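Below is protein_34.pdb, which holds PDB, C-alpha atoms.
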MODEL        1
ATOM      1  CA  MET A   1       0.000   0.000   0.000
ATOM      2  CA  GLY A   2       1.298   3.493  -0.878
ATOM      3  CA  ASP A   3       1.766   6.234   1.653
ATOM      4  CA  ASP A   4      -1.009   8.730   2.432
ATOM      5  CA  SER A   5       0.351  11.258  -0.066
ATOM      6  CA  ASP A   6      -0.962   9.062  -2.884
ATOM      7  CA  PHE A   7      -4.544  10.109  -2.096
ATOM      8  CA  VAL A   8      -6.561  13.304  -2.095
ATOM      9  CA  PRO A   9      -8.969  14.035   0.781
ATOM     10  CA  GLY A  10     -11.967  11.709   0.591
ATOM     11  CA  ASP A  11     -10.145   9.157  -1.590
ATOM     12  CA  GLY A  12      -8.369   5.912  -0.777
ATOM     13  CA  PRO A  13      -8.985   3.137   1.706
ATOM     14  CA  SER A  14     -10.204   3.785   5.234
ATOM     15  CA  SER A  15      -7.677   3.701   8.016
ATOM     16  CA  GLY A  16      -8.454   3.512  11.717
ATOM     17  CA  ILE A  17      -6.895   5.983  14.125
ATOM     18  CA  SER A  18      -7.490   7.043  17.697
ATOM     19  CA  VAL A  19      -9.026  10.479  18.191
ATOM     20  CA  THR A  20      -9.573  12.248  21.496
ATOM     21  CA  LEU A  21     -12.556  14.588  21.803
ATOM     22  CA  THR A  22     -14.085  16.362  24.746
ATOM     23  CA  ALA A  23     -17.163  14.666  26.156
ATOM     24  CA  GLY A  24     -19.389  17.547  25.096
ATOM     25  CA  THR A  25     -18.166  17.487  21.506
ATOM     26  CA  LEU A  26     -18.605  13.726  21.223
ATOM     27  CA  GLN A  27     -22.072  13.938  22.768
ATOM     28  CA  ALA A  28     -23.116  16.646  20.298
ATOM     29  CA  ILE A  29     -21.855  14.580  17.353
ATOM     30  CA  ARG A  30     -23.629  11.438  18.558
ATOM     31  CA  GLU A  31     -26.864  13.385  19.028
ATOM     32  CA  LYS A  32     -26.641  14.473  15.395
ATOM     33  CA  VAL A  33     -25.559  11.218  13.753
ATOM     34  CA  GLY A  34     -25.899   8.391  16.287
ATOM     35  CA  ARG A  35     -23.106   6.193  17.577
ATOM     36  CA  ARG A  36     -22.433   4.528  14.229
ATOM     37  CA  GLY A  37     -22.139   7.774  12.269
ATOM     38  CA  VAL A  38     -19.289   9.402  14.194
ATOM     39  CA  SER A  39     -16.494   8.335  11.827
ATOM     40  CA  ALA A  40     -18.337   9.517   8.719
ATOM     41  CA  TYR A  41     -19.175  12.810  10.433
ATOM     42  CA  LEU A  42     -15.550  13.390  11.409
ATOM     43  CA  GLU A  43     -14.391  12.463   7.877
ATOM     44  CA  ARG A  44     -16.710  15.094   6.364
ATOM     45  CA  ALA A  45     -15.664  17.677   8.975
ATOM     46  CA  ALA A  46     -11.977  17.026   8.273
ATOM     47  CA  GLN A  47     -12.546  17.381   4.520
ATOM     48  CA  ARG A  48     -14.326  20.731   5.034
ATOM     49  CA  GLN A  49     -11.486  21.944   7.250
ATOM     50  CA  ILE A  50      -8.904  20.958   4.634
ATOM     51  CA  GLU A  51     -10.887  22.904   2.013
ATOM     52  CA  ARG A  52     -10.977  25.953   4.302
ATOM     53  CA  ASP A  53      -7.255  25.688   5.048
ATOM     54  CA  ASN A  54      -6.501  25.479   1.318
ATOM     55  CA  LEU A  55      -8.704  28.505   0.665
ATOM     56  CA  ASP A  56      -6.935  30.444   3.431
ATOM     57  CA  GLU A  57      -3.603  29.636   1.745
ATOM     58  CA  LEU A  58      -4.913  30.843  -1.626
ATOM     59  CA  ILE A  59      -6.163  34.074  -0.074
ATOM     60  CA  ALA A  60      -2.816  34.635   1.681
ATOM     61  CA  ASP A  61      -0.944  34.063  -1.590
ATOM     62  CA  PHE A  62      -3.277  36.467  -3.416
ATOM     63  CA  GLU A  63      -2.869  39.132  -0.732
ATOM     64  CA  LYS A  64       0.921  38.752  -0.784
ATOM     65  CA  THR A  65       0.895  39.468  -4.518
ATOM     66  CA  HIS A  66      -1.964  41.972  -4.820
ATOM     67  CA  GLY A  67      -2.426  43.378  -1.315
ATOM     68  CA  PRO A  68      -5.511  42.979   0.838
ATOM     69  CA  ALA A  69      -8.923  42.930  -0.777
ATOM     70  CA  ASP A  70     -10.920  46.163  -0.707
ATOM     71  CA  PRO A  71     -13.619  45.706   1.993
ATOM     72  CA  GLU A  72     -16.163  47.696  -0.025
ATOM     73  CA  ALA A  73     -15.589  45.558  -3.107
ATOM     74  CA  VAL A  74     -15.904  42.389  -1.006
ATOM     75  CA  ALA A  75     -19.176  43.648   0.499
ATOM     76  CA  ALA A  76     -20.515  44.461  -2.978
ATOM     77  CA  LYS A  77     -19.605  40.995  -4.294
ATOM     78  CA  ARG A  78     -21.116  39.344  -1.208
ATOM     79  CA  ALA A  79     -24.336  41.317  -1.656
ATOM     80  CA  LYS A  80     -24.481  40.241  -5.281
ATOM     81  CA  LEU A  81     -23.997  36.591  -4.310
ATOM     82  CA  ILE A  82     -26.480  36.481  -1.442
ATOM     83  CA  GLY A  83     -28.784  39.300  -2.519
ATOM     84  CA  GLY A  84     -29.369  42.586  -0.791
ATOM     85  CA  GLU A  85     -27.596  45.898  -0.522
ATOM     86  CA  ALA A  86     -23.786  46.158  -0.489
ATOM     87  CA  GLY A  87     -23.979  48.430   2.549
ATOM     88  CA  SER A  88     -26.462  46.230   4.401
ATOM     89  CA  GLU A  89     -25.678  44.777   7.796
ATOM     90  CA  ALA A  90     -25.341  41.260   6.343
ATOM     91  CA  GLY A  91     -22.698  42.377   3.849
ATOM     92  CA  ALA A  92     -20.775  44.423   6.385
ATOM     93  CA  ALA A  93     -20.852  41.736   9.100
ATOM     94  CA  ALA A  94     -18.639  39.281   7.253
TER      95      ALA A  94
ENDMDL
END

Encoded form using structure tokens:
Amino acid sequence: MGDDSDFVPGDGPSSGISVTLTAGTLQAIREKVGRRGVSAYLERAAQRQIERDNLDELIADFEKTHGPADPEAVAAKRAKLIGGEAGSEAGAAA
């Protein structure tokens, strides 16, 4: 079997590991997915986190080259995507 670098997130065979979670976190997960759904839930959560980390890296690279994004332009794009006014509270909150 090849090393883990041969696979992209969500691909390849399953591999068991030990994970430590606080009791409250584990309880909340089990309430959402039941005892038998914990692994699948954590797999999906890890994949989302990897996507967010990769996006953060892309944004950092962009900002290193082009400088920080203009907050007004971001608010206008957000308003266009989600609907509403560029100066609305929803656009300014993020």

Atom CA of A:Arg35 to atom CA of A:Arg52, straight-line distance in Å: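 A separation of 26.7 Å between them.
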
d(atom CA of A:Asp56, atom CA of A:Val74) in Å: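 Computing it gives 15.6 Å between the two atoms.
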
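Within the file as shown, the PyMOL selection byres ((chain A and resi 9-18) around 9) identifies Asp4, Asp6, Phe7, Val8, Val19, Thr20, Glu43, Arg44, Ala46, Gln47 and Ile50 of chain A.
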
In Å, with one decimal, what is the gap from atom CA of A:Glu51 to atom CA of A:Ala76? 24.1 Å
